[in-house]
Amino acid sequence: MRLRARLLGLCLGVETVVTALLVSAPGDTAVIPSWDVESIEKTGNRLDNLSLPGADTSSWHHVNNSRCTLMGCLLEAEVYRDDDLFYSETLKTVNTTRFNVPWVYRKEFVLSPEPDQYYHLLTHGITSSGDLYVNGQQIVTSEFQRGAYVGNTYDITKVARSNNTLVVVVNPTDYNYNFALGFVDWNPYPPDNGTGLWRNIEVKQTGPVMLGPLRVTTDVTLPIENSSAVVALKSTAQNLADHEVTIKVVGNISLDGTNQSYVWSESTRIPASNTAELLMSTTLEKPKIWWPKQWGDQPLYKGELSVSVDNALSDTAKRTFGIRQVTSEVNSHNDTIFSVNGHPFQVIGGGYSADMFLRWDNAKFSNQAKLMLDLGHNTVRLEGKNEHPELYDIADRIGLMVLAGWECCDKWEAWTYNEDLPVKSEWGDSDYETANRSMYHEALMQQGHPSMLAYLIGSDYWPDDKAAEMYYYSLKAADWQLPIIASASKRGFPQIVGPSGMKMDGPYDWVPPNYWYDVEPSQDRLGAAFGFGSELGAGVGTPEIGSLKKFLSKSDMDDLWKEPKKGLYHMSTHVSSFYDRKIYNDALWQRYGAPSSLEDYLLKAQVMDYEATRAQFEGFSALWNAGRPATGLIYWMLNNAWPSLHWNLFDYYLHPAGSYFGAKVGARKEHVAYNYYNKTVYLINHSIDQNGTRTLAVDAIDMNGNTVYNANKTVQTEANISKEILNLSAALESIENVVFLRLVLFGDKENTLSRNVYWLANTIDTLDWDNSNWYYTPVVKYANFTSLDNLHTANISTTITDAPNGKDSGATVTVVLENQSSIPAFFIRLNLVDKQGEDILPVLWSDNYVTLWPHEKLELQVEGSGAAAVQVSGKNIAKTEVPLQ
């Protein structure tokens with residue numbers, strides 16, 4: 001009959017997917033590939049009947065996706081559209097009451113049950129909870145399957161048939177009472193609060209012995225370049241039979257992309273219905289070492305354990321892993337400092353956000369990760385948005401470290417001592433159990449990935465001692481070999497892990513560039529560049545017009561510059577301190593002058609964003625080796641869950657603007673930076689192997705192009721060291737208006753390593769540190785850049801040259817800018833567009849938003865698919881569009 005069904009499927013075509021075996025051999029694991037979804041108000045409560053094959057779901061929503069929240073499913077089914085939902089305030093119009101009841105996910109699939117074959121259902125988290133039914137039988141209730149990160153394995157062998165039906169009933173989510181994935185004040189809450197099957201459900205087939213997830217440990221010594229590596233493959237083997245079995249265990253380690261492999265085996269016995277811990281280890285001589293991208297290569301190994309019973313394969317467990325060492329310590333200043341492979345590792349990164357509807361897109365995250373590396377980042381922080389295994393796979397391959405952890409401001413931190421929660425549902429016994437199982441599941445998912453840096457078991461607040469001990473021992477049970485950090489702040493800590501060594505003192509809204517360098521006295525200087533800033537930034541990230549038109553109406557865009565104190569839906573929630581742009585706009589109006597149009601506002605905003613992010617990343621980089629070192633920063637935030645007007649380094653559509661290119665300059669591997677606070681220049685070296693002679697060229701000119709200062713200096717750079725090399729106090733003492741300062745660093749082969757231009761007023765912004773709060777420090781007197789409005793027009797020529805392989809998809813194009821005037825050309829921005837004038841995305845520029853000296857020529861490279869032209873604009877140049885031909 002099974003053969004008949006398969007042949008019929010081949011004849012009918014459309015039935016092929018339905019009748020193909022989901023899994024067919026021991027060791028196979030397959031994802032439930034798609035779903036029919038409907039509200040229980042329409043399906044009724046006879047779930048035992050719904051979970052039998054043949055139920056009529058023709059009127060349901062058909063979703064060709066293996067994982068989606070309710071809103072994600074409805075978007076996939078084209079009930080809603082992104083561009084409609086995200087436009088202006090349309091999201092407010094969604095009827096949220098439809099999500100106040102359970103919804104049903106249903107899928108039919110085919111198996112081929114045989115004697116001594118076993119079938120298992122694997123979950124990896126359901127929000128907020130789920131009741132599971134297979135073939136008319138309830139497998140588990142929502143009392144046990146609850147929590148966004150709780151993964152379980154259910155034996156469905158006894159109910160498995162040739163034709164099977166899985167039904168999952170998901171229950172509504174409340175961030176105050178359920179362990180879910182919330183967004184706090186990042187954006188409006190999704191209408192469904194993230195309810196649904198946001199992660200995959202899988203079916204696994206085994207013989208009489210089943211393996212749990214493969215755990216890999218690696219032990220090396222320092223210096224790591226000369227070390228061997230002891231690699232252990234571990235798994236829990238479960239005997240599903242009612243009699244003792246003898247198993248043959250085979251371990252296999254291979255180096256990805258080579259023929260190198262290590263295979264060994266042994267045998268053991270497991271009593272009936274019992275488990276055994278398997279451990280097989282070997283020593284690798286001269287192993288390939290995994291490094292963060294900026295420091296080296298990312299070789300990956302594949303590990304596999306397989307078990308056989310009576311010479312028949314019963315199950316396999318696999319994963320990729322890398323060999324590296326990560327440690328951390330809390331220094332004498334109570335600040336955390338990490339080391340990777342024995343080298344002190346200054347964390348430079350941003351805080352990641354998942355999509356508002358928790359939709360995972362491999363291609364999008366791959367592009368986001370490329371942008372992170374292009375920014376000079378070495379780390380991404382996940383605050384409670386642990387996503388999926390694919391994220392860690394991508395990070396492993398490209399060399400991006402991951403700082404994962406739990407989220408703040410909801411059920412996850414409902415401690416007796418947390419007075420910041422509007423609703424506090426303190427934990428009971430079942431909550432501790434859910435949190436503990438969540439920790440174990442996430443630890444198993446993450447532990448073998450070489451990209452993992454640490455796990456934060458708290459965010460704004462530390463977990464109480466009971467929770468911390470559970471977290472700690474669950475991590476250890478999963479063979480976690482990495483640092484375990486109490487929280488992202490210094491409010492307190494549990495005894496079992498000790499102080500976090502991370503500060504969370506803001507800012508989150510606009511502060512001037514000199515903020516980061518004003519570090520003394522440190523007890524009053526909050527987020528300035530010392531210690532480890534776990535989340536901090538100037539609150540910037542204004543999208544350019546091409547992105548704004550996708551999600552704002554004309555009235556919304558007019559509000560940006562005509563109503564500078566108005567609350568804006570695309571900023572934050574209406575009860576948030578960040579619902580408007582008042583602090584930011586006060587600074588823009590005072591420092592750069594009242595905007596005369598939307599175009600003028602956006603240009604001035606990009607100038608503000610650029611100088612804000614550059615100063616932050618430069619400040620931390622420059623003070624890496626200070627008396628109190630700046631050991632790390634996580635910019636708040638890297639990206640947005642939906643189209644937003646702030647808190648990003650690239651916008652929702654992946655378009656990089658002022659905040660991006662300021663940050664990119666500030667995080668260059670070898671760089672020279674200007675300290676706004678004391679007018680010194682720092683030589684920065686983020687590498688671990690670059691040493692030697694460098695040449696610094698310093699030039700300052702006024703707005704008419706007249707020379708104010710000019711000097712060259714030979715300096716010695718040292719790997720992983722930042723140091724002060726020049727004081728410009730005397731040179732810049734007599735600034736009357738605005739001057740431009742250019743710092744260029746040349747390598748030992750006269751190649752340009754860094755080019756950096758500042759615009760400086762005759763005073764810096766005056767900060768009122770005594771009246772700081774948790775999200776910003778007030779400015780009582782602003783620096784005055786309004787004379788930039790009076791710059792004379794500069795004449796710029798733009799020339800395009802193609803890469804040798806032409807304008808093929810992804811080809812690199814060279815753009816040559818030349819200032820043909822005797823005055824500076826300020827803040828030239830370039831935008832790659834297609835034939836319709838739409839932004840090319842994603843796009844990678846070598847540099848952008850640049851300022852040219854009189855008669856200076858500058859070459860830039862850009863990479864993007866489908867480009868037709870480059871748009872060129874700036875503060876004091878004519879707008880133009882140059883075709884690629």
# chains A, B, ... in the order shown; residues from 1 in each chain; ligands from 1
$ select_by_dssp --residues "segment 44-152 of chain A" --states "strand (DSSP E or B)" --output "ChimeraX atom specification"
/A:61-63,68-69,103-110,118-122,126-134,137-140,146-147
$ residues_around --residues "Gln590 of chain A" --least-positions-apart "3" --cutoff "9 Å" --atoms "only C-alpha atoms" --output "list in words"
Asn585, Asp586, Ala587, Gly593, Ala594, Tyr782, Ala783, Asn784, Phe785 and Thr786 of chain A
$ write_last_selection --atoms "N, CA and C atoms" --output "mmCIF file, in the first residue's frame"
data_model
loop_
_atom_site.group_PDB
_atom_site.id
_atom_site.type_symbol
_atom_site.label_atom_id
_atom_site.label_comp_id
_atom_site.auth_asym_id
_atom_site.auth_seq_id
_atom_site.Cartn_x
_atom_site.Cartn_y
_atom_site.Cartn_z
ATOM 1 N N ASN A 585 17.130 66.542 18.339
ATOM 2 C CA ASN A 585 16.828 67.725 17.524
ATOM 3 C C ASN A 585 17.263 69.013 18.196
ATOM 4 N N ASP A 586 17.187 69.088 19.515
ATOM 5 C CA ASP A 586 17.709 70.277 20.203
ATOM 6 C C ASP A 586 19.178 70.487 19.832
ATOM 7 N N ALA A 587 19.933 69.386 19.822
ATOM 8 C CA ALA A 587 21.348 69.485 19.472
ATOM 9 C C ALA A 587 21.525 69.863 18.009
ATOM 10 N N GLY A 593 22.110 74.551 13.067
ATOM 11 C CA GLY A 593 21.149 75.518 12.564
ATOM 12 C C GLY A 593 19.832 74.879 12.183
ATOM 13 N N ALA A 594 18.756 75.651 12.295
ATOM 14 C CA ALA A 594 17.426 75.149 11.966
ATOM 15 C C ALA A 594 17.380 74.716 10.505
ATOM 16 N N TYR A 782 26.290 74.287 23.497
ATOM 17 C CA TYR A 782 26.599 73.472 22.326
ATOM 18 C C TYR A 782 27.747 74.073 21.507
ATOM 19 N N ALA A 783 28.523 73.202 20.898
ATOM 20 C CA ALA A 783 29.492 73.651 19.889
ATOM 21 C C ALA A 783 28.714 74.255 18.720
ATOM 22 N N ASN A 784 29.309 75.241 18.076
ATOM 23 C CA ASN A 784 28.604 75.991 17.031
ATOM 24 C C ASN A 784 29.203 75.684 15.657
ATOM 25 N N PHE A 785 28.431 74.963 14.848
ATOM 26 C CA PHE A 785 28.846 74.627 13.482
ATOM 27 C C PHE A 785 27.949 75.305 12.445
ATOM 28 N N THR A 786 27.168 76.289 12.856
ATOM 29 C CA THR A 786 26.190 76.882 11.939
ATOM 30 C C THR A 786 26.842 77.569 10.751
#
$ residues_around --residues "Ala477 of chain A" --least-positions-apart "5" --cutoff "10 Å" --atoms "only C-alpha atoms" --output "PDB file with N, CA, C and O atoms, in the first residue's frame"
ATOM      1  N   ARG A 215      27.912  16.904  21.871  1.00  0.00           N
ATOM      2  CA  ARG A 215      28.635  17.947  22.594  1.00  0.00           C
ATOM      3  C   ARG A 215      30.121  17.768  22.309  1.00  0.00           C
ATOM      4  O   ARG A 215      30.647  16.655  22.381  1.00  0.00           O
ATOM      5  N   TYR A 440      19.397  24.915  29.360  1.00  0.00           N
ATOM      6  CA  TYR A 440      20.056  23.687  28.901  1.00  0.00           C
ATOM      7  C   TYR A 440      19.917  23.540  27.385  1.00  0.00           C
ATOM      8  O   TYR A 440      20.883  23.180  26.698  1.00  0.00           O
ATOM      9  N   ALA A 443      22.193  26.113  25.656  1.00  0.00           N
ATOM     10  CA  ALA A 443      23.598  25.743  25.829  1.00  0.00           C
ATOM     11  C   ALA A 443      23.981  24.612  24.879  1.00  0.00           C
ATOM     12  O   ALA A 443      25.056  24.639  24.265  1.00  0.00           O
ATOM     13  N   LEU A 444      23.101  23.625  24.735  1.00  0.00           N
ATOM     14  CA  LEU A 444      23.385  22.532  23.805  1.00  0.00           C
ATOM     15  C   LEU A 444      23.467  23.029  22.371  1.00  0.00           C
ATOM     16  O   LEU A 444      24.290  22.548  21.578  1.00  0.00           O
ATOM     17  N   TYR A 471      21.188  27.864  36.130  1.00  0.00           N
ATOM     18  CA  TYR A 471      21.797  28.229  34.850  1.00  0.00           C
ATOM     19  C   TYR A 471      23.221  27.690  34.757  1.00  0.00           C
ATOM     20  O   TYR A 471      23.630  27.102  33.752  1.00  0.00           O
ATOM     21  N   TYR A 472      23.974  27.928  35.812  1.00  0.00           N
ATOM     22  CA  TYR A 472      25.390  27.549  35.823  1.00  0.00           C
ATOM     23  C   TYR A 472      25.547  26.045  35.611  1.00  0.00           C
ATOM     24  O   TYR A 472      26.328  25.600  34.754  1.00  0.00           O
TER      25      TYR A 472
END
$ residues_around --residues "segment 180-183 of chain A" --least-positions-apart "4" --cutoff "9 Å" --atoms "only C-alpha atoms" --output "list in words"
Ile126, Thr127, Ser128, Gly147, Ala148, Tyr149, Thr173, Asp174, Tyr175, Asn187, Pro188, Tyr189, Pro190, Asn193, Gly194, Thr195, Ser353, Met356, Leu358, Gly384, Lys385, Glu407, Cys408, Cys409, Asp410, Lys411, Trp412 and Ala641 of chain A
$ residues_around --residues "Thr798 of chain A" --least-positions-apart "6" --cutoff "12 Å" --atoms "only C-alpha atoms" --output "short mmCIF file (atom, residue, chain, number, x, y, z; two decimals) with all heavy atoms, in the first residue's frame"
data_model
loop_
_atom_site.label_atom_id
_atom_site.label_comp_id
_atom_site.auth_asym_id
_atom_site.auth_seq_id
_atom_site.Cartn_x
_atom_site.Cartn_y
_atom_site.Cartn_z
N THR A 814 34.94 51.25 -9.12
CA THR A 814 35.73 52.32 -8.52
C THR A 814 35.12 53.66 -8.87
O THR A 814 34.82 53.94 -10.03
CB THR A 814 37.19 52.26 -9.00
OG1 THR A 814 37.77 51.02 -8.58
CG2 THR A 814 38.00 53.41 -8.41
N VAL A 815 34.92 54.48 -7.85
CA VAL A 815 34.40 55.83 -8.03
C VAL A 815 35.51 56.80 -7.65
O VAL A 815 36.04 56.75 -6.53
CB VAL A 815 33.16 56.08 -7.16
CG1 VAL A 815 32.62 57.49 -7.37
CG2 VAL A 815 32.09 55.04 -7.44
N VAL A 816 35.89 57.67 -8.58
CA VAL A 816 36.96 58.63 -8.33
C VAL A 816 36.35 60.01 -8.17
O VAL A 816 35.71 60.54 -9.08
CB VAL A 816 37.99 58.64 -9.48
CG1 VAL A 816 39.12 59.62 -9.17
CG2 VAL A 816 38.54 57.23 -9.71
N LEU A 817 36.55 60.58 -6.98
CA LEU A 817 36.10 61.94 -6.69
C LEU A 817 37.29 62.88 -6.76
O LEU A 817 38.37 62.56 -6.25
CB LEU A 817 35.48 62.03 -5.30
CG LEU A 817 34.23 61.18 -5.02
CD1 LEU A 817 33.87 61.28 -3.54
CD2 LEU A 817 33.07 61.62 -5.88
N GLU A 818 37.11 64.04 -7.38
CA GLU A 818 38.17 65.03 -7.42
C GLU A 818 37.58 66.41 -7.14
O GLU A 818 36.62 66.85 -7.79
CB GLU A 818 38.87 65.04 -8.77
CG GLU A 818 40.06 66.00 -8.79
CD GLU A 818 40.88 65.90 -10.07
OE1 GLU A 818 40.52 65.10 -10.95
OE2 GLU A 818 41.90 66.62 -10.18
N ASN A 819 38.15 67.06 -6.15
CA ASN A 819 37.74 68.43 -5.81
C ASN A 819 38.55 69.39 -6.67
O ASN A 819 39.77 69.50 -6.52
CB ASN A 819 37.99 68.69 -4.32
CG ASN A 819 37.49 70.08 -3.90
OD1 ASN A 819 36.98 70.85 -4.71
ND2 ASN A 819 37.66 70.38 -2.61
N GLN A 820 37.89 70.05 -7.58
CA GLN A 820 38.57 70.96 -8.50
C GLN A 820 38.55 72.40 -8.02
O GLN A 820 38.83 73.32 -8.79
CB GLN A 820 37.92 70.83 -9.89
CG GLN A 820 38.04 69.43 -10.47
CD GLN A 820 37.32 69.25 -11.78
OE1 GLN A 820 36.44 70.03 -12.14
NE2 GLN A 820 37.71 68.22 -12.54
N ILE A 828 30.56 64.63 1.37
CA ILE A 828 30.05 64.12 0.10
C ILE A 828 29.50 62.72 0.33
O ILE A 828 30.19 61.83 0.81
CB ILE A 828 31.17 64.07 -0.95
CG1 ILE A 828 31.79 65.44 -1.14
CG2 ILE A 828 30.64 63.54 -2.27
CD1 ILE A 828 33.07 65.41 -1.96
N ARG A 829 28.24 62.54 -0.04
CA ARG A 829 27.62 61.22 0.12
C ARG A 829 27.30 60.64 -1.24
O ARG A 829 26.87 61.34 -2.16
CB ARG A 829 26.37 61.30 0.99
CG ARG A 829 25.33 62.30 0.55
CD ARG A 829 24.18 62.36 1.53
NE ARG A 829 23.22 63.41 1.17
CZ ARG A 829 22.14 63.70 1.87
NH1 ARG A 829 21.87 63.03 2.97
NH2 ARG A 829 21.32 64.66 1.47
N LEU A 830 27.52 59.35 -1.35
CA LEU A 830 27.31 58.65 -2.61
C LEU A 830 26.29 57.54 -2.40
O LEU A 830 26.31 56.85 -1.37
CB LEU A 830 28.63 58.08 -3.12
CG LEU A 830 29.75 59.12 -3.31
CD1 LEU A 830 30.85 58.85 -2.29
CD2 LEU A 830 30.30 59.10 -4.70
N LYS A 857 42.12 64.29 -4.76
CA LYS A 857 41.47 63.21 -5.50
C LYS A 857 41.39 61.99 -4.58
O LYS A 857 42.34 61.67 -3.89
CB LYS A 857 42.26 62.87 -6.76
CG LYS A 857 41.63 61.75 -7.61
CD LYS A 857 42.52 61.36 -8.78
CE LYS A 857 42.54 62.47 -9.84
NZ LYS A 857 43.28 62.00 -11.08
N LEU A 858 40.24 61.32 -4.60
CA LEU A 858 40.02 60.19 -3.71
C LEU A 858 39.30 59.08 -4.47
O LEU A 858 38.30 59.32 -5.14
CB LEU A 858 39.16 60.62 -2.50
CG LEU A 858 38.93 59.57 -1.41
CD1 LEU A 858 40.23 59.19 -0.72
CD2 LEU A 858 37.93 60.12 -0.38
N GLU A 859 39.83 57.86 -4.34
CA GLU A 859 39.21 56.70 -4.97
C GLU A 859 38.43 55.90 -3.93
O GLU A 859 38.93 55.60 -2.85
CB GLU A 859 40.28 55.78 -5.60
CG GLU A 859 40.89 56.32 -6.87
CD GLU A 859 41.72 55.26 -7.58
OE1 GLU A 859 41.75 54.10 -7.10
OE2 GLU A 859 42.34 55.58 -8.61
N LEU A 860 37.20 55.55 -4.28
CA LEU A 860 36.35 54.73 -3.43
C LEU A 860 35.90 53.52 -4.23
O LEU A 860 35.73 53.59 -5.45
CB LEU A 860 35.13 55.52 -2.94
CG LEU A 860 35.41 56.84 -2.23
CD1 LEU A 860 34.11 57.57 -1.94
CD2 LEU A 860 36.18 56.61 -0.95
N ALA A 869 23.74 53.62 -11.66
CA ALA A 869 24.31 54.96 -11.50
C ALA A 869 24.71 55.19 -10.06
O ALA A 869 24.31 54.46 -9.15
CB ALA A 869 23.29 56.02 -11.95
N VAL A 870 25.50 56.25 -9.87
CA VAL A 870 25.87 56.72 -8.54
C VAL A 870 25.34 58.13 -8.37
O VAL A 870 25.63 59.01 -9.19
CB VAL A 870 27.40 56.71 -8.33
CG1 VAL A 870 27.76 57.33 -6.99
CG2 VAL A 870 27.95 55.30 -8.42
N GLN A 871 24.55 58.33 -7.33
CA GLN A 871 24.08 59.67 -6.98
C GLN A 871 25.09 60.33 -6.06
O GLN A 871 25.56 59.71 -5.11
CB GLN A 871 22.72 59.60 -6.30
CG GLN A 871 21.61 59.05 -7.18
CD GLN A 871 20.31 58.83 -6.41
OE1 GLN A 871 20.31 58.72 -5.19
NE2 GLN A 871 19.21 58.77 -7.14
N VAL A 872 25.44 61.58 -6.35
CA VAL A 872 26.45 62.30 -5.59
C VAL A 872 25.82 63.58 -5.05
O VAL A 872 25.22 64.35 -5.80
CB VAL A 872 27.68 62.64 -6.46
CG1 VAL A 872 28.77 63.29 -5.61
CG2 VAL A 872 28.21 61.40 -7.16
N SER A 873 25.96 63.81 -3.76
CA SER A 873 25.45 65.03 -3.15
C SER A 873 26.32 65.37 -1.95
O SER A 873 27.18 64.58 -1.56
CB SER A 873 23.99 64.86 -2.72
OG SER A 873 23.85 63.83 -1.77
N ILE A 877 28.16 71.03 -2.54
CA ILE A 877 28.39 70.65 -3.93
C ILE A 877 27.03 70.49 -4.62
O ILE A 877 26.01 70.30 -3.96
CB ILE A 877 29.19 69.34 -4.07
CG1 ILE A 877 28.39 68.14 -3.52
CG2 ILE A 877 30.53 69.45 -3.36
CD1 ILE A 877 29.01 66.79 -3.82
N ALA A 878 27.03 70.58 -5.93
CA ALA A 878 25.80 70.37 -6.69
C ALA A 878 25.48 68.88 -6.76
O ALA A 878 26.38 68.04 -6.92
CB ALA A 878 25.96 70.94 -8.10
N LYS A 879 24.19 68.56 -6.64
CA LYS A 879 23.78 67.17 -6.78
C LYS A 879 23.93 66.71 -8.23
O LYS A 879 23.65 67.47 -9.15
CB LYS A 879 22.33 67.00 -6.34
CG LYS A 879 22.10 67.16 -4.85
CD LYS A 879 20.75 66.58 -4.44
CE LYS A 879 19.61 67.35 -5.10
NZ LYS A 879 18.29 66.85 -4.61
N THR A 880 24.37 65.47 -8.38
CA THR A 880 24.51 64.93 -9.72
C THR A 880 24.30 63.43 -9.69
O THR A 880 24.35 62.81 -8.62
CB THR A 880 25.90 65.26 -10.31
OG1 THR A 880 25.96 64.85 -11.67
CG2 THR A 880 26.99 64.55 -9.54
N GLU A 881 24.07 62.85 -10.83
CA GLU A 881 23.95 61.39 -10.97
C GLU A 881 24.85 60.95 -12.11
O GLU A 881 24.72 61.44 -13.24
CB GLU A 881 22.50 60.98 -11.22
CG GLU A 881 22.30 59.47 -11.28
CD GLU A 881 20.84 59.06 -11.25
OE1 GLU A 881 20.16 59.40 -10.26
OE2 GLU A 881 20.37 58.45 -12.23
N VAL A 882 25.74 60.04 -11.81
CA VAL A 882 26.74 59.61 -12.78
C VAL A 882 26.44 58.18 -13.20
O VAL A 882 26.42 57.28 -12.35
CB VAL A 882 28.16 59.70 -12.19
CG1 VAL A 882 29.21 59.32 -13.22
CG2 VAL A 882 28.42 61.10 -11.65
N PRO A 883 26.18 57.93 -14.48
CA PRO A 883 25.86 56.56 -14.92
C PRO A 883 27.08 55.66 -14.88
O PRO A 883 28.23 56.11 -15.03
CB PRO A 883 25.35 56.77 -16.35
CG PRO A 883 26.00 58.03 -16.80
CD PRO A 883 26.13 58.90 -15.58
N LEU A 884 26.84 54.36 -14.69
CA LEU A 884 27.91 53.37 -14.76
C LEU A 884 28.03 52.92 -16.21
O LEU A 884 27.31 52.04 -16.66
CB LEU A 884 27.61 52.17 -13.87
CG LEU A 884 27.38 52.43 -12.38
CD1 LEU A 884 27.23 51.11 -11.64
CD2 LEU A 884 28.52 53.23 -11.77
#
$ residues_around --residues "Glu611 of chain A" --least-positions-apart "3" --cutoff "8 Å" --atoms "only C-alpha atoms" --output "ChimeraX atom specification"
/A:513,607-608,614-615,659,662
$ residues_around --residues "segment 549-554 of chain A" --least-positions-apart "6" --cutoff "12 Å" --atoms "only C-alpha atoms" --output "PyMOL selection string"
chain A and resi 82-91+543+560-562+568-571+598+642-645+651-653+838-839
$ closest_residue --among "A:Tyr677, A:Tyr776, A:Phe620, A:Phe661" --to "Ser722 of chain A" --atoms "only C-alpha atoms"
A:Phe620
$ closest_residue --among "A:Glu329, A:Glu535, A:Glu143, A:Asp847" --to "Thr434 of chain A" --atoms "only C-alpha atoms"
A:Glu143
$ closest_residue --among "A:Val347, A:Ala731, A:Leu222, A:Ala529" --to "Thr707 of chain A" --atoms "only C-alpha atoms"
A:Ala731
$ closest_residue --among "A:Gly303, A:Pro26, A:Gly351, A:Pro389" --to "Ala488 of chain A" --atoms "only C-alpha atoms"
A:Gly351
$ closest_residue --among "A:Asp420, A:Asp310, A:Asp374, A:Asp465" --to "Pro656 of chain A" --atoms "only C-alpha atoms"
A:Asp374
$ atom_distance --atom1 "atom CA of Leu844 of chain A" --atom2 "atom CA of Gly864 of chain A"
6.7 Å
